[in-house]
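Everything below belongs to data.txt, which stores compact mmCIF, C-alpha atoms.
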# COMPACT_ATOMS: atom_id res chain seq x y z
CA MET A 1 -15.45 0.48 16.18
CA LYS A 2 -16.90 3.57 14.59
CA GLN A 3 -15.19 4.85 11.50
CA ILE A 4 -14.87 8.63 11.67
CA LEU A 5 -12.47 9.32 8.82
CA PRO A 6 -14.41 9.90 5.59
CA LEU A 7 -13.82 8.20 2.26
CA ARG A 8 -11.53 10.01 -0.15
CA SER A 9 -11.18 9.83 -3.91
CA MET A 10 -8.22 7.99 -5.40
CA GLY A 11 -6.59 10.63 -7.55
CA LYS A 12 -8.97 12.18 -10.06
CA SER A 13 -11.26 9.17 -10.20
CA ASP A 14 -14.64 8.12 -8.84
CA LEU A 15 -13.00 5.40 -6.71
CA MET A 16 -13.96 6.39 -3.16
CA ILE A 17 -11.60 4.61 -0.80
CA THR A 18 -10.97 4.36 2.91
CA PRO A 19 -7.70 6.01 4.05
CA ILE A 20 -6.50 2.52 5.02
CA GLY A 21 -6.61 -0.42 2.61
CA LEU A 22 -5.35 -3.96 3.14
CA GLY A 23 -2.05 -4.93 1.53
CA CYS A 24 -2.25 -8.58 0.42
CA TRP A 25 1.37 -9.58 -0.29
CA GLN A 26 1.17 -11.98 2.67
CA PHE A 27 -1.49 -14.04 0.83
CA SER A 28 1.18 -15.31 -1.61
CA LYS A 29 1.16 -18.94 -0.35
CA GLN A 30 4.97 -19.04 -0.75
CA GLN A 31 4.40 -19.74 -4.45
CA ASN A 32 7.44 -17.90 -5.81
CA MET A 33 10.48 -15.97 -4.55
CA ALA A 34 8.37 -12.95 -3.62
CA GLY A 35 5.90 -15.22 -1.86
CA LYS A 36 8.58 -16.81 0.30
CA TYR A 37 8.95 -13.55 2.20
CA TRP A 38 5.87 -14.57 4.18
CA PRO A 39 4.79 -17.80 5.91
CA ASP A 40 2.14 -19.88 4.16
CA MET A 41 -1.21 -18.60 5.45
CA GLU A 42 -4.10 -21.06 5.55
CA ASP A 43 -7.23 -20.16 3.61
CA ASP A 44 -9.32 -19.73 6.76
CA LEU A 45 -6.80 -17.27 8.21
CA ILE A 46 -6.71 -15.28 4.98
CA GLU A 47 -10.49 -15.14 5.03
CA LYS A 48 -10.40 -13.98 8.64
CA MET A 49 -8.01 -11.12 7.77
CA VAL A 50 -10.31 -10.03 4.95
CA LYS A 51 -13.43 -10.36 7.14
CA ILE A 52 -12.00 -8.27 10.00
CA SER A 53 -10.84 -5.65 7.50
CA LEU A 54 -14.29 -5.41 5.93
CA GLU A 55 -16.05 -5.31 9.30
CA GLY A 56 -13.74 -2.49 10.38
CA GLY A 57 -14.73 -0.41 7.38
CA ILE A 58 -11.90 -1.06 4.90
CA ASN A 59 -13.28 -1.10 1.36
CA TRP A 60 -10.24 -1.77 -0.83
CA PHE A 61 -7.50 -4.36 -1.23
CA ASP A 62 -4.11 -4.18 -2.95
CA THR A 63 -2.53 -7.26 -4.49
CA ALA A 64 -0.23 -8.07 -7.44
CA GLU A 65 0.69 -10.64 -10.04
CA LEU A 66 4.10 -10.95 -8.39
CA TYR A 67 2.63 -12.04 -5.06
CA GLY A 68 2.86 -15.78 -5.48
CA ASN A 69 2.39 -15.60 -9.25
CA GLY A 70 -1.29 -14.83 -8.78
CA ALA A 71 -1.76 -16.80 -5.54
CA SER A 72 -2.54 -13.63 -3.59
CA GLU A 73 -5.08 -12.50 -6.18
CA ARG A 74 -6.82 -15.88 -6.15
CA SER A 75 -6.82 -16.07 -2.34
CA LEU A 76 -8.27 -12.58 -2.04
CA ALA A 77 -11.01 -13.30 -4.56
CA ALA A 78 -11.85 -16.63 -2.89
CA SER A 79 -12.18 -14.93 0.51
CA LEU A 80 -14.39 -12.17 -0.87
CA ARG A 81 -16.62 -14.77 -2.54
CA GLU A 82 -16.89 -16.78 0.70
CA LEU A 83 -17.82 -13.62 2.58
CA GLY A 84 -20.61 -12.90 0.12
CA LYS A 85 -19.12 -9.76 -1.39
CA LYS A 86 -20.53 -8.93 -4.80
CA PRO A 87 -18.56 -7.30 -7.64
CA GLY A 88 -18.70 -3.55 -7.21
CA GLU A 89 -19.13 -3.68 -3.44
CA ILE A 90 -15.39 -3.47 -2.84
CA ILE A 91 -12.41 -2.02 -4.71
CA VAL A 92 -9.57 -4.22 -5.95
CA ALA A 93 -6.13 -3.00 -7.03
CA THR A 94 -3.51 -5.25 -8.59
CA LYS A 95 -0.23 -4.84 -10.46
CA TRP A 96 1.58 -5.99 -13.60
CA TRP A 97 5.19 -7.15 -13.12
CA PRO A 98 7.46 -5.56 -15.77
CA MET A 99 10.86 -7.19 -15.20
CA PHE A 100 12.23 -8.81 -18.41
CA ARG A 101 9.02 -7.87 -20.22
CA PHE A 102 7.89 -5.38 -22.84
CA ALA A 103 4.80 -3.19 -22.60
CA SER A 104 3.01 -5.54 -25.01
CA ASN A 105 2.95 -8.09 -22.18
CA ILE A 106 0.43 -5.89 -20.35
CA LEU A 107 -2.09 -6.71 -23.08
CA LYS A 108 -1.07 -10.38 -23.32
CA THR A 109 -1.46 -11.14 -19.61
CA ILE A 110 -4.47 -9.05 -18.60
CA ASP A 111 -6.88 -11.95 -19.06
CA GLN A 112 -4.86 -13.96 -16.51
CA ARG A 113 -5.28 -11.15 -13.99
CA ILE A 114 -8.99 -10.90 -14.70
CA GLU A 115 -9.38 -14.67 -14.30
CA ALA A 116 -7.40 -14.74 -11.02
CA LEU A 117 -9.60 -12.03 -9.49
CA ALA A 118 -12.94 -13.19 -10.94
CA PRO A 119 -15.65 -12.14 -10.49
CA TYR A 120 -14.21 -8.88 -9.12
CA PRO A 121 -13.22 -6.25 -11.70
CA ILE A 122 -9.78 -4.63 -11.69
CA ASP A 123 -10.54 -1.17 -10.38
CA LEU A 124 -6.90 -0.09 -10.37
CA TYR A 125 -4.14 -1.65 -12.48
CA GLN A 126 -0.61 -0.57 -11.63
CA VAL A 127 2.84 -0.99 -13.20
CA HIS A 128 4.70 -2.56 -10.26
CA GLN A 129 8.19 -1.16 -10.97
CA PRO A 130 9.85 1.10 -13.58
CA TRP A 131 12.18 -1.75 -14.58
CA GLY A 132 10.67 -3.11 -17.77
CA PHE A 133 12.20 -3.47 -21.22
CA SER A 134 9.79 -0.73 -22.38
CA ASN A 135 9.63 2.82 -21.03
CA GLU A 136 6.72 4.26 -19.06
CA LYS A 137 5.25 5.91 -22.17
CA ALA A 138 4.81 2.56 -23.94
CA GLU A 139 3.44 1.00 -20.78
CA MET A 140 0.87 3.78 -20.38
CA GLU A 141 -0.18 3.40 -24.02
CA ALA A 142 -0.96 -0.24 -23.26
CA MET A 143 -2.78 0.71 -20.06
CA ALA A 144 -4.85 3.30 -21.95
CA ARG A 145 -5.94 0.61 -24.37
CA LEU A 146 -7.10 -1.59 -21.46
CA VAL A 147 -9.16 1.29 -20.07
CA LYS A 148 -10.76 1.88 -23.46
CA GLU A 149 -11.50 -1.85 -23.77
CA GLN A 150 -13.04 -1.70 -20.27
CA LYS A 151 -10.76 -4.44 -18.97
CA ILE A 152 -9.58 -2.16 -16.17
CA ARG A 153 -11.08 0.99 -14.67
CA TYR A 154 -8.10 3.13 -13.67
CA VAL A 155 -4.32 3.25 -14.05
CA GLY A 156 -1.64 3.58 -11.38
CA VAL A 157 2.11 3.08 -11.04
CA SER A 158 4.40 1.91 -8.26
CA ASN A 159 7.93 2.94 -7.28
CA PHE A 160 8.02 5.58 -10.03
CA SER A 161 10.23 8.65 -9.60
CA ALA A 162 8.75 12.13 -9.89
CA ALA A 163 9.93 12.39 -13.52
CA GLN A 164 8.61 8.93 -14.46
CA MET A 165 5.31 9.67 -12.77
CA ARG A 166 4.93 12.95 -14.67
CA SER A 167 5.81 11.23 -17.96
CA ALA A 168 3.23 8.51 -17.31
CA TRP A 169 0.63 11.16 -16.41
CA GLU A 170 1.33 13.13 -19.60
CA THR A 171 1.01 10.03 -21.79
CA LEU A 172 -2.36 9.09 -20.29
CA GLN A 173 -3.61 12.68 -20.51
CA LYS A 174 -3.35 12.47 -24.31
CA HIS A 175 -6.06 9.80 -24.10
CA GLY A 176 -8.16 11.78 -21.64
CA ILE A 177 -7.21 9.32 -18.88
CA HIS A 178 -5.88 10.19 -15.44
CA LEU A 179 -2.96 8.55 -13.67
CA VAL A 180 -4.57 8.14 -10.26
CA SER A 181 -1.86 6.72 -7.99
CA ASN A 182 1.80 6.04 -7.29
CA GLN A 183 2.49 3.31 -4.73
CA VAL A 184 5.75 3.96 -2.88
CA ARG A 185 7.54 3.16 0.36
CA TYR A 186 6.62 5.80 2.91
CA ASN A 187 6.65 5.82 6.70
CA LEU A 188 7.94 7.86 9.66
CA LEU A 189 11.40 6.32 9.21
CA ASP A 190 11.51 6.72 5.41
CA ARG A 191 10.26 10.10 4.26
CA LYS A 192 12.35 10.43 1.09
CA ILE A 193 9.31 11.12 -1.10
CA GLU A 194 9.12 14.50 0.65
CA SER A 195 12.56 15.52 -0.64
CA ASN A 196 12.86 13.78 -4.03
CA GLY A 197 9.87 15.45 -5.68
CA ILE A 198 7.46 12.50 -5.62
CA LEU A 199 5.06 13.91 -3.03
CA GLU A 200 5.23 17.43 -4.45
CA THR A 201 4.50 16.18 -7.98
CA ALA A 202 1.66 13.97 -6.76
CA LYS A 203 0.01 16.96 -5.06
CA GLU A 204 0.49 19.10 -8.18
CA LEU A 205 -1.05 16.53 -10.52
CA GLY A 206 -3.77 15.24 -8.18
CA ILE A 207 -2.25 11.77 -7.83
CA THR A 208 -2.82 9.69 -4.69
CA ILE A 209 0.23 8.31 -2.90
CA ILE A 210 -0.34 4.74 -1.70
CA ALA A 211 2.12 4.15 1.13
CA TYR A 212 3.48 0.61 1.40
CA SER A 213 5.67 -0.59 4.27
CA PRO A 214 3.84 2.05 6.36
CA LEU A 215 5.22 0.69 9.65
CA ALA A 216 8.82 0.34 8.43
CA GLN A 217 8.45 -3.46 8.70
CA GLY A 218 7.37 -3.14 12.32
CA LEU A 219 10.30 -0.99 13.38
CA VAL A 220 8.28 2.15 14.07
CA THR A 221 6.19 0.35 16.71
CA GLY A 222 9.23 0.05 18.99
CA LYS A 223 8.96 -3.70 19.48
CA PHE A 224 12.53 -4.26 18.28
CA HIS A 225 13.87 -1.42 20.41
CA ASP A 226 12.11 -2.75 23.51
CA ASN A 227 12.95 -6.40 22.89
CA PRO A 228 16.25 -6.79 20.98
CA GLU A 229 15.85 -10.58 21.13
CA LEU A 230 13.32 -10.23 18.33
CA LEU A 231 16.13 -9.09 16.02
CA LYS A 232 17.38 -12.68 15.84
CA ASN A 233 14.39 -13.70 13.74
CA ILE A 234 13.89 -10.88 11.26
CA GLY A 235 14.96 -12.67 8.08
CA ILE A 236 16.23 -10.47 5.26
CA ARG A 237 15.43 -7.34 7.28
CA LYS A 238 18.75 -7.88 9.10
CA TYR A 239 20.52 -6.49 6.02
CA SER A 240 18.70 -3.16 6.34
CA SER A 241 20.67 -0.34 7.96
CA LEU A 242 17.53 0.56 9.93
CA PHE A 243 17.79 -2.70 11.88
CA LYS A 244 21.50 -2.39 12.68
CA PRO A 245 22.58 -0.87 16.05
CA ALA A 246 23.27 2.61 14.61
CA GLY A 247 19.94 2.57 12.78
CA LEU A 248 18.06 1.56 15.89
CA GLU A 249 19.63 4.39 17.86
CA LYS A 250 18.79 6.90 15.15
CA SER A 251 15.12 5.91 15.17
CA ARG A 252 14.80 5.59 18.95
CA PRO A 253 13.60 9.21 19.57
CA VAL A 254 10.88 8.83 16.93
CA VAL A 255 9.77 5.47 18.29
CA LYS A 256 9.71 6.80 21.85
CA TYR A 257 7.43 9.66 20.85
CA VAL A 258 5.15 7.32 18.89
CA GLN A 259 4.81 5.18 22.03
CA GLU A 260 4.07 8.26 24.17
CA LEU A 261 1.31 9.33 21.79
CA ALA A 262 -0.13 5.80 21.82
CA ILE A 263 -0.58 6.14 25.58
CA LYS A 264 -2.06 9.63 25.21
CA TYR A 265 -4.66 8.47 22.67
CA SER A 266 -5.22 5.00 24.23
CA VAL A 267 -4.30 3.31 20.95
CA THR A 268 -1.33 1.25 19.73
CA PRO A 269 1.98 2.60 18.35
CA SER A 270 1.18 1.22 14.90
CA GLN A 271 -2.11 3.15 14.89
CA ILE A 272 -0.25 6.36 15.70
CA ALA A 273 2.25 5.78 12.88
CA LEU A 274 -0.49 4.97 10.38
CA ASN A 275 -2.64 7.89 11.50
CA TRP A 276 0.27 10.28 10.92
CA LEU A 277 0.66 8.93 7.37
CA ILE A 278 -2.96 9.33 6.33
CA ASN A 279 -3.48 12.74 7.92
CA SER A 280 -0.22 14.66 7.39
CA HIS A 281 -0.87 15.66 3.78
CA GLY A 282 -4.60 16.23 3.54
CA GLU A 283 -6.10 13.44 1.47
CA THR A 284 -3.05 12.81 -0.71
CA VAL A 285 -1.64 9.81 1.19
CA VAL A 286 -3.38 6.52 1.95
CA ALA A 287 -1.74 3.42 3.43
CA ILE A 288 -1.86 -0.34 2.87
CA PRO A 289 -0.57 -2.18 5.93
CA GLY A 290 -0.69 -5.96 5.76
CA ALA A 291 -2.07 -8.35 8.37
CA THR A 292 -1.09 -11.89 9.38
CA LYS A 293 -2.81 -11.83 12.79
CA GLU A 294 -6.25 -10.80 13.97
CA SER A 295 -4.67 -8.09 16.12
CA HIS A 296 -2.95 -6.60 13.06
CA ALA A 297 -6.18 -6.42 11.08
CA LYS A 298 -8.03 -4.83 14.01
CA GLU A 299 -5.26 -2.30 14.55
CA ASN A 300 -5.39 -1.36 10.87
CA THR A 301 -9.11 -0.61 10.95
CA GLY A 302 -8.86 1.08 14.35
CA THR A 303 -6.56 3.66 12.79
CA MET A 304 -9.61 5.14 11.08
CA THR A 305 -11.54 5.72 14.33
CA PHE A 306 -9.55 8.76 15.46
CA LYS A 307 -7.42 11.60 14.13
CA LEU A 308 -4.22 12.97 15.64
CA ALA A 309 -4.43 16.59 16.73
CA ALA A 310 -2.63 19.09 14.51
CA GLU A 311 0.01 19.78 17.16
CA ASP A 312 0.80 16.07 17.51
CA LEU A 313 1.08 15.65 13.74
CA LEU A 314 3.50 18.57 13.72
CA LEU A 315 5.61 17.21 16.60
CA LEU A 316 5.83 13.78 14.94
CA ASP A 317 6.91 15.57 11.81
CA LYS A 318 9.69 17.37 13.68
CA LYS A 319 10.82 14.27 15.57
CA SER A 320 11.26 12.31 12.31
CA VAL A 321 12.73 15.10 10.16
CA ALA A 322 16.08 13.24 10.00
CA PHE A 323 14.41 10.60 7.80
CA ILE A 324 13.38 12.96 4.99
Render the structure in this file as structure tokens.
Amino acid sequence: MKQILPLRSMGKSDLMITPIGLGCWQFSKQQNMAGKYWPDMEDDLIEKMVKISLEGGINWFDTAELYGNGASERSLAASLRELGKKPGEIIVATKWWPMFRFASNILKTIDQRIEALAPYPIDLYQVHQPWGFSNEKAEMEAMARLVKEQKIRYVGVSNFSAAQMRSAWETLQKHGIHLVSNQVRYNLLDRKIESNGILETAKELGITIIAYSPLAQGLVTGKFHDNPELLKNIGIRKYSSLFKPAGLEKSRPVVKYVQELAIKYSVTPSQIALNWLINSHGETVVAIPGATKESHAKENTGTMTFKLAAEDLLLLDKKSVAFI
């Protein structure tokens, strides 16, 4: 597959990333509560997901401390080593988990993160949630210190509101450091960042939006609409209103149009949904779909081999306006 979409900078940084990265939550090895969301992937399968991603042009990977208490970080690093990737050849993003912790913990635990990802440097270090015992200003002060100590390269946040994101940005600016990203849920069936100020603020400040759950947990592909039997085995997703009968009916027009465009472009529905995400707002939004099967990894990379026409982007926008 030929990659036609160019690299873009992550925020105001020199990190040049592909519009699609690989989300690595599924590499958690079921090691903690967060890890139990996914089946236990064997090392060779993890390596295969990373290999296909790299071969398809993806140059960055997003993981976190929370994902299996470091299991995902270690699995990612092990796969990259096996595949002969040298430090600096790829970009690695990870996250600090703030729950029941103070900002000082960022400094206390950074060496664990560095060790888990060795020999690959932490190109982007993110605060995973705005739920810590310290506020975002204290957390950014700690992050600024890590940048100055050259333990991390750049700072990002995740799940931050527009106000929290601006506050974090202002704190880092006092140190001459940019906040480069905010990782949030964003997809055709969840467009709230377009109405709550997050996207607008990101564009104003030059912050990249990293879209997680970019396929609405598979819902946007239409597989659950076409085969309701699959709804019997969706785990905790069954509690989401999107997966209930009324939710499915609400999303059906969007899903139908996604499927029609997939036929038009000779691609898959997931590639249409991802392509809309990474092309609807210039270079502001990038996406990190996961992959547990070879087909998933290939679909992810294939998203970067075409670009939806402006009129199709606009029609998708109109079809999904109810989800803003």
* May I ask which of the residues A:Asp226, A:Glu194, A:Glu311, A:Glu55 is the closest one to Ile324 (chain A), counting all atoms listed in the file? =>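 Once distances to Ile324 (chain A) are computed over all atoms listed in the file, the minimum belongs to A:Glu194.
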Cut-off 12 Å: closest region 277-319 of chain A/region 238-253 of chain A atom pairs per residue, using all atoms listed in the file, as a tab-separated table:
residue	atom	partner	partner_atom	distance
A:Leu315	CA	A:Pro253	CA	11.7
A:Leu316	CA	A:Pro253	CA	10.1
A:Lys318	CA	A:Pro253	CA	10.8
A:Lys319	CA	A:Pro253	CA	7.0
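The two atoms in question, CA of Thr18 (chain A) and CA of Asn59 (chain A), are spaced 6.1 Å apart.
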* Could you tell me which of A:Lys203, A:Lys137, A:Arg191, A:Arg153 comes closest to Ala216 (chain A) if we count all atoms listed in the file? => A:Arg191
* Any idea what's packed within 7 Å of Asn159 (chain A), counting all atoms listed in the file, ignoring anything in its chain fewer than 2 positions away? Could you give it as a VMD selection string? -> chain A and resid 129 to 130 157 161 182 to 184
* Go through A:Ala64, A:Ala273, A:Met143, A:Val258 one by one, measure the shortest atom-to-atom distance of each to Ala116 (chain A) using only C-alpha atoms, and give the residue with the smallest value. =>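 With only C-alpha atoms as the atom set, the closest residue is A:Ala64.
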Excluding Asn300 (chain A) and any residue of its chain fewer than 4 positions from it, enumerate the residues within 9 Å of it, using all atoms listed in the file, and give them as a PDB file with C-alpha atoms, in the coordinates of the input.
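Okay, selection12.pdb is ready:
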ATOM      1  CA  ILE A  20      -6.500   2.520   5.020  1.00  0.00           C
ATOM      2  CA  GLY A  21      -6.610  -0.420   2.610  1.00  0.00           C
ATOM      3  CA  LEU A  22      -5.350  -3.960   3.140  1.00  0.00           C
ATOM      4  CA  SER A  53     -10.840  -5.650   7.500  1.00  0.00           C
ATOM      5  CA  GLY A  56     -13.740  -2.490  10.380  1.00  0.00           C
ATOM      6  CA  ILE A  58     -11.900  -1.060   4.900  1.00  0.00           C
ATOM      7  CA  SER A 270       1.180   1.220  14.900  1.00  0.00           C
ATOM      8  CA  GLN A 271      -2.110   3.150  14.890  1.00  0.00           C
ATOM      9  CA  LEU A 274      -0.490   4.970  10.380  1.00  0.00           C
ATOM     10  CA  ILE A 288      -1.860  -0.340   2.870  1.00  0.00           C
ATOM     11  CA  PRO A 289      -0.570  -2.180   5.930  1.00  0.00           C
ATOM     12  CA  GLY A 290      -0.690  -5.960   5.760  1.00  0.00           C
ATOM     13  CA  ALA A 291      -2.070  -8.350   8.370  1.00  0.00           C
ATOM     14  CA  SER A 295      -4.670  -8.090  16.120  1.00  0.00           C
ATOM     15  CA  HIS A 296      -2.950  -6.600  13.060  1.00  0.00           C
ATOM     16  CA  MET A 304      -9.610   5.140  11.080  1.00  0.00           C
TER      17      MET A 304
END
Can you pull out the residues contacting Val147 (chain A)? Cut-off 10 Å, using only C-alpha atoms, and skip same-chain residues under 5 positions away; I want them as a PDB file with C-alpha atoms, in the coordinates of the input.
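Written output follows (around.pdb):
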ATOM      1  CA  TYR A 125      -4.140  -1.650 -12.480  1.00  0.00           C
ATOM      2  CA  ALA A 142      -0.960  -0.240 -23.260  1.00  0.00           C
ATOM      3  CA  ILE A 152      -9.580  -2.160 -16.170  1.00  0.00           C
ATOM      4  CA  ARG A 153     -11.080   0.990 -14.670  1.00  0.00           C
ATOM      5  CA  TYR A 154      -8.100   3.130 -13.670  1.00  0.00           C
ATOM      6  CA  VAL A 155      -4.320   3.250 -14.050  1.00  0.00           C
ATOM      7  CA  HIS A 175      -6.060   9.800 -24.100  1.00  0.00           C
ATOM      8  CA  ILE A 177      -7.210   9.320 -18.880  1.00  0.00           C
TER       9      ILE A 177
END
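Here the question is which of A:Leu80, A:Val267, A:Met16, A:Ile193 gets nearest to Gly302 (chain A) using all atoms listed in the file, and that residue is A:Val267.
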* Would you list the residues near (-1.5, 3.8, 20.7) (no more than 12 Å away, in the coordinates of the file, using only C-alpha atoms) as a PyMOL selection string? => chain A and resi 220-222+255-276+299-300+302-303+306-308
